[in-house]
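Below: data05.txt (compact mmCIF, C-alpha atoms)
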# COMPACT_ATOMS: atom_id res chain seq x y z
CA MET V 198 -1.15 6.34 -27.61
CA LEU V 199 0.26 3.73 -25.24
CA LYS V 200 0.04 6.10 -22.26
CA HIS V 201 -3.49 7.11 -23.22
CA ASN V 202 -4.54 3.50 -22.72
CA LYS V 203 -3.35 3.84 -19.13
CA ILE V 204 -5.70 6.75 -18.38
CA ILE V 205 -9.06 6.51 -16.61
CA ILE V 206 -11.25 9.60 -16.35
CA GLY V 207 -12.28 10.39 -12.78
CA THR V 208 -15.79 11.81 -12.47
CA GLU V 209 -16.09 12.86 -8.84
CA GLN V 210 -16.47 16.46 -10.00
CA LEU V 211 -19.74 15.50 -11.70
CA GLY V 212 -21.14 15.25 -8.16
CA GLY V 213 -20.91 19.02 -7.95
CA THR V 214 -19.71 19.27 -4.33
CA ASP V 215 -16.57 19.54 -2.19
CA TRP V 216 -14.32 20.97 -4.93
CA GLY V 217 -15.02 24.66 -4.52
CA LYS V 218 -16.61 26.86 -7.16
CA TYR V 219 -16.73 25.39 -10.66
CA ASN V 220 -19.23 24.87 -13.44
CA VAL V 221 -20.54 21.29 -13.62
CA SER V 222 -21.62 21.86 -17.22
CA ASN V 223 -17.95 22.45 -18.09
CA THR V 224 -17.12 19.14 -16.45
CA GLU V 225 -19.84 17.45 -18.47
CA SER V 226 -18.34 18.92 -21.65
CA ALA V 227 -14.98 17.49 -20.63
CA ILE V 228 -16.49 14.00 -20.27
CA LYS V 229 -17.98 14.29 -23.77
CA TYR V 230 -14.58 15.43 -25.03
CA ALA V 231 -12.96 12.37 -23.44
CA LEU V 232 -15.46 10.14 -25.24
CA ASP V 233 -14.74 11.84 -28.56
CA PHE V 234 -11.04 11.39 -27.86
CA GLY V 235 -11.66 7.65 -27.59
CA LEU V 236 -11.36 7.15 -23.84
CA ARG V 237 -13.72 4.49 -22.52
CA SER V 238 -12.81 4.00 -18.84
CA PHE V 239 -14.47 6.09 -16.14
CA ASP V 240 -14.20 6.06 -12.34
CA THR V 241 -17.07 7.15 -10.08
CA ALA V 242 -18.75 6.20 -6.77
CA ASN V 243 -22.28 6.22 -5.42
CA VAL V 244 -21.25 8.68 -2.69
CA TYR V 245 -20.02 11.34 -5.17
CA GLY V 246 -22.79 13.89 -5.06
CA LEU V 247 -24.88 11.19 -3.36
CA GLY V 248 -25.57 9.53 -6.71
CA LEU V 249 -25.36 12.61 -8.96
CA SER V 250 -21.97 11.68 -10.41
CA GLU V 251 -23.26 8.27 -11.51
CA LYS V 252 -26.49 9.70 -12.93
CA ARG V 253 -24.75 12.45 -14.87
CA LEU V 254 -22.08 10.07 -16.14
CA SER V 255 -24.74 7.67 -17.42
CA ASN V 256 -26.54 10.47 -19.25
CA LEU V 257 -23.31 11.68 -20.83
CA LEU V 258 -22.26 8.21 -21.98
CA GLY V 259 -25.67 7.47 -23.49
CA ASN V 260 -25.75 4.12 -25.25
CA LEU V 261 -21.97 3.93 -24.96
CA ARG V 262 -22.43 3.21 -21.24
CA HIS V 263 -22.92 -0.45 -22.17
CA GLU V 264 -19.51 -0.51 -23.88
CA CYS V 265 -17.50 1.53 -21.39
CA GLU V 266 -15.53 0.25 -18.42
CA ILE V 267 -17.37 1.94 -15.55
CA ILE V 268 -15.65 1.60 -12.20
CA THR V 269 -17.85 2.54 -9.26
CA LYS V 270 -17.58 2.14 -5.51
CA VAL V 271 -19.85 1.35 -2.57
CA GLY V 272 -19.39 1.43 1.19
CA PHE V 273 -21.13 4.59 2.32
CA CYS V 274 -24.71 5.10 3.43
CA TRP V 275 -26.47 8.29 4.42
CA ASN V 276 -29.66 9.65 5.93
CA LYS V 277 -30.97 13.04 6.93
CA ASN V 278 -30.32 14.26 10.46
CA ILE V 279 -33.66 15.66 11.61
CA LYS V 280 -32.08 18.03 14.15
CA SER V 281 -29.34 19.52 11.96
CA HIS V 282 -31.15 19.05 8.64
CA ARG V 283 -27.85 17.78 7.27
CA LEU V 284 -26.94 14.38 5.89
CA ASP V 285 -25.12 11.88 8.10
CA VAL V 286 -22.75 9.89 5.90
CA LYS V 287 -21.25 6.72 7.39
CA LYS V 288 -19.09 3.87 6.17
CA ASN V 289 -20.92 0.57 6.06
CA LEU V 290 -19.64 -2.56 4.33
CA SER V 291 -22.23 -5.03 5.56
CA TYR V 292 -23.69 -7.21 2.83
CA LYS V 293 -27.07 -5.52 3.17
CA SER V 294 -25.58 -2.06 2.78
CA MET V 295 -23.36 -3.08 -0.12
CA LEU V 296 -26.27 -4.74 -1.91
CA SER V 297 -28.37 -1.61 -1.45
CA GLY V 298 -25.51 0.51 -2.79
CA VAL V 299 -25.08 -1.70 -5.84
CA GLU V 300 -28.79 -1.68 -6.63
CA GLU V 301 -28.82 2.11 -6.38
CA SER V 302 -25.73 2.40 -8.60
CA LEU V 303 -27.31 0.17 -11.23
CA LYS V 304 -30.32 2.49 -11.32
CA ASN V 305 -28.14 5.61 -11.42
CA LEU V 306 -25.95 4.24 -14.21
CA LYS V 307 -28.87 2.64 -16.10
CA ILE V 308 -27.02 -0.62 -16.68
CA ASP V 309 -27.78 -4.25 -15.82
CA ARG V 310 -24.37 -5.15 -14.44
CA ILE V 311 -21.51 -3.07 -13.04
CA PRO V 312 -18.23 -3.73 -14.94
CA VAL V 313 -15.99 -3.09 -11.91
CA LEU V 314 -17.17 -2.66 -8.30
CA LEU V 315 -14.82 -1.60 -5.51
CA ALA V 316 -15.39 -1.44 -1.77
CA HIS V 317 -14.54 2.23 -1.23
CA TRP V 318 -12.94 2.46 2.24
CA PRO V 319 -12.68 0.01 5.16
CA ASP V 320 -15.37 0.66 7.77
CA ASN V 321 -13.31 -0.68 10.71
CA ILE V 322 -16.14 -3.08 11.51
CA HIS V 323 -15.97 -5.75 8.83
CA THR V 324 -12.71 -7.57 8.12
CA THR V 325 -11.12 -7.47 4.69
CA GLU V 326 -12.08 -11.13 4.25
CA GLU V 327 -15.72 -10.36 5.07
CA VAL V 328 -15.80 -7.49 2.60
CA ILE V 329 -14.33 -9.63 -0.17
CA GLU V 330 -16.86 -12.37 0.62
CA ASN V 331 -19.65 -9.81 0.23
CA LEU V 332 -18.21 -8.77 -3.12
CA TYR V 333 -18.20 -12.41 -4.24
CA LEU V 334 -21.83 -12.78 -3.20
CA LEU V 335 -22.78 -9.73 -5.25
CA LYS V 336 -20.89 -11.16 -8.20
CA GLU V 337 -22.69 -14.50 -7.83
CA LYS V 338 -26.00 -12.62 -8.01
CA GLY V 339 -24.95 -11.40 -11.45
CA LEU V 340 -24.82 -7.75 -10.39
CA ILE V 341 -21.13 -7.14 -11.10
CA ASN V 342 -18.40 -8.46 -13.36
CA LYS V 343 -15.17 -7.74 -11.49
CA ILE V 344 -14.40 -6.91 -7.87
CA GLY V 345 -11.82 -4.94 -5.97
CA LEU V 346 -10.86 -2.83 -2.97
CA SER V 347 -9.98 0.82 -2.60
CA ASN V 348 -7.79 2.22 0.19
CA PHE V 349 -7.62 -1.05 2.17
CA ASN V 350 -4.60 -2.37 4.09
CA LEU V 351 -2.03 -3.41 1.52
CA ASP V 352 -0.16 -5.97 3.63
CA LYS V 353 -3.42 -7.74 4.38
CA ILE V 354 -4.37 -7.95 0.72
CA ILE V 355 -0.97 -9.31 -0.25
CA THR V 356 -1.34 -12.01 2.42
CA ILE V 357 -4.82 -13.22 1.41
CA GLN V 358 -4.74 -12.69 -2.35
CA HIS V 359 -4.03 -16.40 -3.02
CA LEU V 360 -7.05 -17.37 -0.90
CA THR V 361 -9.63 -14.76 -1.90
CA PRO V 362 -8.31 -13.05 -5.02
CA ILE V 363 -9.56 -9.65 -6.12
CA ASP V 364 -9.39 -8.23 -9.64
CA PHE V 365 -8.58 -4.59 -8.85
CA TYR V 366 -6.95 -2.44 -6.20
CA GLN V 367 -7.22 1.35 -6.09
CA GLY V 368 -4.97 3.63 -4.08
CA PRO V 369 -3.28 7.05 -4.14
CA LEU V 370 0.02 7.69 -5.91
CA SER V 371 1.79 10.96 -6.66
CA LEU V 372 5.24 12.51 -6.55
CA LEU V 373 4.33 13.87 -3.12
CA ASP V 374 3.59 10.40 -1.74
CA PHE V 375 4.94 7.22 -3.32
CA SER V 376 5.47 5.43 0.01
CA ASN V 377 3.22 2.52 -1.03
CA LEU V 378 5.02 1.88 -4.30
CA ASP V 379 6.68 -1.39 -3.27
CA SER V 380 3.37 -2.77 -1.97
CA TYR V 381 1.64 -1.74 -5.19
CA ARG V 382 4.27 -3.62 -7.16
CA ASN V 383 3.77 -6.71 -4.99
CA ILE V 384 0.01 -6.60 -5.51
CA SER V 385 0.44 -6.13 -9.24
CA ARG V 386 2.75 -9.14 -9.43
CA GLN V 387 -0.03 -11.19 -7.83
CA GLY V 388 -2.24 -10.47 -10.82
CA VAL V 389 -4.24 -7.57 -9.40
CA ASN V 390 -5.02 -4.67 -11.75
CA MET V 391 -3.65 -1.51 -10.15
CA LEU V 392 -5.58 1.76 -10.33
CA THR V 393 -3.93 4.86 -8.89
CA TYR V 394 -5.59 8.19 -8.17
CA GLY V 395 -4.47 11.68 -7.17
CA PRO V 396 -1.51 12.13 -9.58
CA LEU V 397 -1.74 15.90 -9.06
CA HIS V 398 -2.31 15.52 -5.31
CA HIS V 399 -5.55 17.53 -4.98
CA GLY V 400 -4.18 20.08 -7.45
CA MET V 401 -1.05 20.80 -5.41
CA LEU V 402 1.08 19.55 -8.30
CA THR V 403 -0.41 22.04 -10.73
CA GLY V 404 1.99 24.59 -9.26
CA LYS V 405 -0.90 27.03 -8.63
CA TYR V 406 -0.82 26.99 -4.83
CA ASN V 407 1.46 27.73 -1.89
CA LEU V 408 1.23 27.89 1.91
CA LYS V 409 -0.57 31.25 1.69
CA SER V 410 -3.31 29.85 -0.54
CA LYS V 411 -6.80 29.90 0.98
CA PHE V 412 -9.65 27.59 0.04
CA PRO V 413 -13.36 28.19 0.72
CA LYS V 414 -15.24 25.86 3.04
CA THR V 415 -16.98 24.37 0.00
CA ASP V 416 -13.56 23.07 -1.09
CA ARG V 417 -12.24 20.06 0.83
CA ARG V 418 -8.70 21.36 0.54
CA HIS V 419 -9.36 23.90 3.28
CA ARG V 420 -9.31 21.02 5.77
CA LEU V 421 -6.75 18.63 4.24
CA ILE V 422 -3.53 18.21 6.18
CA ASP V 423 -1.62 18.07 2.89
CA PHE V 424 -2.09 21.83 2.51
CA ILE V 425 -1.50 23.11 6.04
CA GLY V 426 1.11 23.21 8.81
CA ASP V 427 4.35 21.25 8.74
CA HIS V 428 2.91 18.68 6.36
CA GLY V 429 1.91 21.38 3.91
CA GLU V 430 5.33 23.03 4.21
CA LYS V 431 7.09 19.76 3.33
CA ASN V 432 4.77 19.19 0.39
CA TYR V 433 5.37 22.67 -1.01
CA THR V 434 9.11 22.16 -0.60
CA LYS V 435 8.73 19.09 -2.79
CA VAL V 436 6.68 21.08 -5.30
CA ASP V 437 9.54 23.58 -5.52
CA ILE V 438 11.94 20.74 -6.29
CA ILE V 439 9.62 19.33 -8.94
CA SER V 440 9.23 22.82 -10.46
CA LYS V 441 13.00 23.06 -10.80
CA TYR V 442 13.10 19.84 -12.80
CA ALA V 443 10.15 20.99 -14.90
CA GLU V 444 12.18 24.04 -15.89
CA ILE V 445 15.08 21.81 -16.90
CA LEU V 446 12.76 19.74 -19.11
CA GLU V 447 10.96 22.86 -20.36
CA CYS V 448 7.56 21.52 -19.36
CA ASP V 449 4.96 22.44 -16.76
CA VAL V 450 4.74 20.87 -13.31
CA LYS V 451 1.55 18.95 -14.17
CA ALA V 452 3.13 17.22 -17.15
CA LEU V 453 6.15 16.16 -15.11
CA ALA V 454 4.01 15.00 -12.16
CA ILE V 455 1.84 12.79 -14.36
CA ASN V 456 4.56 11.37 -16.56
CA MET V 457 6.91 10.55 -13.69
CA LEU V 458 4.38 7.92 -12.59
CA PHE V 459 5.14 6.01 -15.79
CA THR V 460 8.82 5.77 -14.72
CA PHE V 461 7.96 3.87 -11.52
CA GLU V 462 8.08 0.41 -13.13
CA LEU V 463 4.54 -0.24 -11.95
CA ASP V 464 1.91 -1.80 -14.19
CA ALA V 465 -0.92 0.56 -13.28
CA ARG V 466 -3.50 2.89 -14.75
CA ILE V 467 -3.92 6.48 -13.64
CA ILE V 468 -7.22 8.12 -12.73
CA LEU V 469 -7.32 11.76 -13.85
CA GLY V 470 -10.14 13.96 -12.58
CA VAL V 471 -11.31 16.86 -14.75
CA LYS V 472 -13.27 20.09 -14.35
CA ASN V 473 -13.21 21.37 -17.94
CA ILE V 474 -12.03 20.60 -21.47
CA GLU V 475 -8.96 22.83 -21.23
CA GLN V 476 -7.74 20.99 -18.14
CA LEU V 477 -8.36 17.59 -19.70
CA ASN V 478 -6.67 18.57 -22.95
CA GLU V 479 -3.60 19.86 -21.11
CA ASN V 480 -3.33 16.61 -19.16
CA LEU V 481 -3.72 14.43 -22.25
CA ASN V 482 -1.21 16.48 -24.24
CA SER V 483 1.25 16.20 -21.36
CA LEU V 484 1.40 12.44 -21.86
CA ASP V 485 3.76 12.99 -24.79
CA LEU V 486 6.54 14.08 -22.43
CA ASN V 487 9.52 11.72 -22.24
CA ILE V 488 11.69 11.92 -19.13
CA PRO V 489 15.37 10.82 -19.34
CA LYS V 490 16.14 8.06 -16.83
CA ASN V 491 18.91 10.06 -15.15
CA ILE V 492 16.55 13.00 -14.59
CA ALA V 493 13.86 10.70 -13.15
CA ARG V 494 16.34 9.04 -10.77
CA SER V 495 17.73 12.37 -9.60
CA LEU V 496 14.26 13.79 -8.96
CA ILE V 497 13.14 10.78 -6.91
CA THR V 498 16.36 10.93 -4.89
CA GLU V 499 15.81 14.58 -4.00
CA LEU V 500 12.16 14.05 -3.10
CA SER V 501 13.03 11.06 -0.92
CA GLN V 502 15.34 13.21 1.18
CA ILE V 503 12.41 15.37 2.38
CA ASN V 504 11.14 13.65 5.54

Encoding of this model in structure tokens:
Amino acid sequence: MLKHNKIIIGTEQLGGTDWGKYNVSNTESAIKYALDFGLRSFDTANVYGLGLSEKRLSNLLGNLRHECEIITKVGFCWNKNIKSHRLDVKKNLSYKSMLSGVEESLKNLKIDRIPVLLAHWPDNIHTTEEVIENLYLLKEKGLINKIGLSNFNLDKIITIQHLTPIDFYQGPLSLLDFSNLDSYRNISRQGVNMLTYGPLHHGMLTGKYNLKSKFPKTDRRHRLIDFIGDHGEKNYTKVDIISKYAEILECDVKALAINMLFTFELDARIILGVKNIEQLNENLNSLDLNIPKNIARSLITELSQIN
């Protein structure tokens, strides 16, 4: 059960968009299953489904929402473009925008205070120090308990952590990209709780896809560089290597991809997104896999040689 305590359920799919064709009701069933399993940490954001993810998560948690660790994120604002009849979504980390985002999230989640609030992405307008100051102001208003940053410059955070400490940092980590691992370790040693997302790298580490795979325009993967061109070719070469090691260990690629993150000597928790109960159950069952140290070292060495 030790590894299960390191798992956070990602709920972006509750927003119902940008992940291709899937049944949101199946995702809702998976969240209920996670609750029954005993998981109590959930990651969302006010931009996921433009509030739908938060609203649906709150409804699914019911009264348990007051006991769960809900991690949500602000930093985007949107309005309708009259000419195109589409929504214009922009990054905005001004205090006014962040306050508005928090107030909306509180309504969506039906709680009085957000357990963990992260600034989602830098907006290239406000400095990291300014964003952290805004987070402190929101905390002083009694709207949030703990603060953090997601996808911000790591070197900058390491430099200013002793001056303006944050509680959490969230960033990507998978077998296809562990380039930030040393920085993550440095941040963790400074007392920051590390949250990592994308352990299956947009599904690439499920072993289901290759360079010939096509994604509909409703699925963000049709435009991600990870899946196309030279970058995609290198990634799929890595997937082939990982698949070889999965055969040696007699496990599937997903199980190896997830469990290898526990061999990185990083005190972090892993955010796992889900679309249905079967997927969630497979991922949770995969946590029982134990990887011999020599196998782990050999795999990392081979992956590191792909530039």

- Proximity to V:Thr361 - best of V:Gly298, V:Leu373, V:Leu332, V:Asn456, all atoms listed in the file: V:Leu332

Determine, counting only C-alpha atoms, every residue of protein, DNA or RNA that lies within 12 Å of (-28.3, 7.4, -17.1) in the file coordinates, then give the result as a PDB file with C-alpha atoms, keeping the file's coordinate frame.
ATOM      1  CA  GLY V 248     -25.570   9.530  -6.710  1.00  0.00           C
ATOM      2  CA  LEU V 249     -25.360  12.610  -8.960  1.00  0.00           C
ATOM      3  CA  SER V 250     -21.970  11.680 -10.410  1.00  0.00           C
ATOM      4  CA  GLU V 251     -23.260   8.270 -11.510  1.00  0.00           C
ATOM      5  CA  LYS V 252     -26.490   9.700 -12.930  1.00  0.00           C
ATOM      6  CA  ARG V 253     -24.750  12.450 -14.870  1.00  0.00           C
ATOM      7  CA  LEU V 254     -22.080  10.070 -16.140  1.00  0.00           C
ATOM      8  CA  SER V 255     -24.740   7.670 -17.420  1.00  0.00           C
ATOM      9  CA  ASN V 256     -26.540  10.470 -19.250  1.00  0.00           C
ATOM     10  CA  LEU V 257     -23.310  11.680 -20.830  1.00  0.00           C
ATOM     11  CA  LEU V 258     -22.260   8.210 -21.980  1.00  0.00           C
ATOM     12  CA  GLY V 259     -25.670   7.470 -23.490  1.00  0.00           C
ATOM     13  CA  ASN V 260     -25.750   4.120 -25.250  1.00  0.00           C
ATOM     14  CA  LEU V 261     -21.970   3.930 -24.960  1.00  0.00           C
ATOM     15  CA  ARG V 262     -22.430   3.210 -21.240  1.00  0.00           C
ATOM     16  CA  HIS V 263     -22.920  -0.450 -22.170  1.00  0.00           C
ATOM     17  CA  GLU V 301     -28.820   2.110  -6.380  1.00  0.00           C
ATOM     18  CA  SER V 302     -25.730   2.400  -8.600  1.00  0.00           C
ATOM     19  CA  LEU V 303     -27.310   0.170 -11.230  1.00  0.00           C
ATOM     20  CA  LYS V 304     -30.320   2.490 -11.320  1.00  0.00           C
ATOM     21  CA  ASN V 305     -28.140   5.610 -11.420  1.00  0.00           C
ATOM     22  CA  LEU V 306     -25.950   4.240 -14.210  1.00  0.00           C
ATOM     23  CA  LYS V 307     -28.870   2.640 -16.100  1.00  0.00           C
ATOM     24  CA  ILE V 308     -27.020  -0.620 -16.680  1.00  0.00           C
ATOM     25  CA  ASP V 309     -27.780  -4.250 -15.820  1.00  0.00           C
TER      26      ASP V 309
END

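Counting from atom CA of V:Asn407, the distance to atom CA of V:Asn478 is 24.4 Å.
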
- Could you check how far atom CA of V:Phe239 sits from atom CA of V:Pro319, in Å to one decimal? 22.2 Å

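In terms of minimum interatomic distance to V:Val299, V:Leu335 ranks closest within V:Ile268, V:Val328, V:Leu335, V:Leu370, counting all atoms listed in the file.
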
- Message: Using all atoms listed in the file and a cutoff of 7 Å, can you tell me which residues are near (2.2, 24.2, -11.0) in the file's coordinates, and write them out as a list in words?
- Response: Leu402, Thr403, Gly404, Lys405, Asp449, Val450 and Lys451 of chain V

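Distances from V:Leu314, V:Asp320, V:Lys336, V:Met457 to V:Asn350 were compared using all atoms listed in the file, and the smallest one belongs to V:Asp320.
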
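Interatomic distance, atom CA of V:Lys288 to atom CA of V:Glu225: 28.1 Å.
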
- Find, counting all atoms listed in the file, the residue in V:Glu444, V:Ile329, V:Ala465, V:Glu300 that gets nearest to V:Gly368. V:Ala465

Hey, can I get the axis-aligned box for stretch 222-232 of chain V? All listed atoms, 6 Å padding on each side, centre and edge lengths in Å to one decimal, as AutoDock Vina command-line options.
--center_x -17.3 --center_y 16.3 --center_z -20.8 --size_x 20.7 --size_y 24.3 --size_z 20.8

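Nearest-residue note for V:Lys343: choosing from V:Gln210, V:Ser291, V:Asn390, V:Asn480, the minimum distance belongs to V:Asn390, counting all atoms listed in the file.
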
- Query: Which polymer residues have any atom within 10 Å of an atom of stretch 432-436 of chain V, counting only C-alpha atoms, with same-chain residues fewer than 4 positions away left out, as a PyMOL selection string?
  - Reply: chain V and resi 372-374+398+401-404+406-408+423-425+427-428+440-442+450+454+496+499-504

- Item | 7 Å contact set for stretch 217-222 of chain V, all atoms listed in the file, chain neighbours under 3 positions out, as a PyMOL selection string | chain V and resi 211+213+225-226+413+415-416

- Item | Residue contacts of stretch 483-490 of chain V (7 Å, all atoms listed in the file) excluding same-chain residues fewer than 4 positions away, as a PyMOL selection string | chain V and resi 200+452+456+479+494

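With distances restricted to all atoms listed in the file, V:Thr208 is the closest residue to V:Thr269 from V:Thr324, V:Asn202, V:Thr208, V:Thr214.
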
- Task: Write out as a PyMOL selection string the residues lying within 12 Å of V:Thr393, counting all atoms listed in the file and excluding same-chain residues fewer than 6 positions away.
- Result: chain V and resi 203-207+240+346-348+365-371+374-375+377-378+381-382+385+455+458-459+463-470

Could those residues be written to a file, using C-alpha atoms, as a compact mmCIF listing (two decimals), keeping the file's coordinate frame?
# COMPACT_ATOMS: atom_id res chain seq x y z
CA LYS V 203 -3.35 3.84 -19.13
CA ILE V 204 -5.70 6.75 -18.38
CA ILE V 205 -9.06 6.51 -16.61
CA ILE V 206 -11.25 9.60 -16.35
CA GLY V 207 -12.28 10.39 -12.78
CA ASP V 240 -14.20 6.06 -12.34
CA LEU V 346 -10.86 -2.83 -2.97
CA SER V 347 -9.98 0.82 -2.60
CA ASN V 348 -7.79 2.22 0.19
CA PHE V 365 -8.58 -4.59 -8.85
CA TYR V 366 -6.95 -2.44 -6.20
CA GLN V 367 -7.22 1.35 -6.09
CA GLY V 368 -4.97 3.63 -4.08
CA PRO V 369 -3.28 7.05 -4.14
CA LEU V 370 0.02 7.69 -5.91
CA SER V 371 1.79 10.96 -6.66
CA ASP V 374 3.59 10.40 -1.74
CA PHE V 375 4.94 7.22 -3.32
CA ASN V 377 3.22 2.52 -1.03
CA LEU V 378 5.02 1.88 -4.30
CA TYR V 381 1.64 -1.74 -5.19
CA ARG V 382 4.27 -3.62 -7.16
CA SER V 385 0.44 -6.13 -9.24
CA ILE V 455 1.84 12.79 -14.36
CA LEU V 458 4.38 7.92 -12.59
CA PHE V 459 5.14 6.01 -15.79
CA LEU V 463 4.54 -0.24 -11.95
CA ASP V 464 1.91 -1.80 -14.19
CA ALA V 465 -0.92 0.56 -13.28
CA ARG V 466 -3.50 2.89 -14.75
CA ILE V 467 -3.92 6.48 -13.64
CA ILE V 468 -7.22 8.12 -12.73
CA LEU V 469 -7.32 11.76 -13.85
CA GLY V 470 -10.14 13.96 -12.58

Put stretch 252-304 of chain V into a file with C-alpha atoms, as a CSV table (one decimal), in the first residue's frame.
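Printed below is part_9.csv as written:
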chain,number,residue,atom,x,y,z
V,252,LYS,CA,-18.0,20.7,-10.7
V,253,ARG,CA,-18.2,17.1,-11.6
V,254,LEU,CA,-15.4,16.2,-9.2
V,255,SER,CA,-17.3,18.0,-6.4
V,256,ASN,CA,-20.5,16.1,-7.1
V,257,LEU,CA,-18.7,12.8,-7.2
V,258,LEU,CA,-16.9,13.4,-3.9
V,259,GLY,CA,-20.1,14.5,-2.2
V,260,ASN,CA,-19.6,15.2,1.5
V,261,LEU,CA,-16.1,13.6,1.3
V,262,ARG,CA,-15.0,16.7,-0.6
V,263,HIS,CA,-14.4,18.3,2.8
V,264,GLU,CA,-12.0,15.5,3.7
V,265,CYS,CA,-10.2,15.0,0.5
V,266,GLU,CA,-7.0,16.7,-0.7
V,267,ILE,CA,-8.2,18.6,-3.7
V,268,ILE,CA,-5.4,20.2,-5.8
V,269,THR,CA,-6.6,22.8,-8.3
V,270,LYS,CA,-4.9,25.3,-10.5
V,271,VAL,CA,-5.6,28.9,-11.7
V,272,GLY,CA,-3.9,31.1,-14.2
V,273,PHE,CA,-6.2,31.0,-17.2
V,274,CYS,CA,-9.1,33.3,-18.1
V,275,TRP,CA,-11.4,33.1,-21.1
V,276,ASN,CA,-14.2,35.0,-22.9
V,277,LYS,CA,-16.2,34.4,-26.1
V,278,ASN,CA,-14.9,35.8,-29.3
V,279,ILE,CA,-17.9,37.5,-30.9
V,280,LYS,CA,-16.5,37.1,-34.5
V,281,SER,CA,-15.4,33.4,-34.3
V,282,HIS,CA,-18.0,32.4,-31.7
V,283,ARG,CA,-15.1,30.5,-30.0
V,284,LEU,CA,-13.6,31.0,-26.6
V,285,ASP,CA,-10.3,32.9,-26.3
V,286,VAL,CA,-8.3,31.3,-23.5
V,287,LYS,CA,-5.3,33.3,-22.2
V,288,LYS,CA,-2.8,33.0,-19.3
V,289,ASN,CA,-3.2,35.6,-16.7
V,290,LEU,CA,-1.6,35.5,-13.3
V,291,SER,CA,-2.5,39.0,-12.1
V,292,TYR,CA,-3.9,39.1,-8.6
V,293,LYS,CA,-7.3,40.1,-9.9
V,294,SER,CA,-7.4,37.2,-12.3
V,295,MET,CA,-6.1,34.7,-9.7
V,296,LEU,CA,-8.6,35.9,-7.2
V,297,SER,CA,-11.5,35.5,-9.7
V,298,GLY,CA,-10.2,32.1,-10.6
V,299,VAL,CA,-10.1,31.0,-6.9
V,300,GLU,CA,-13.6,32.3,-6.2
V,301,GLU,CA,-14.9,30.4,-9.2
V,302,SER,CA,-13.1,27.2,-8.1
V,303,LEU,CA,-14.6,27.5,-4.7
V,304,LYS,CA,-18.1,27.7,-6.2
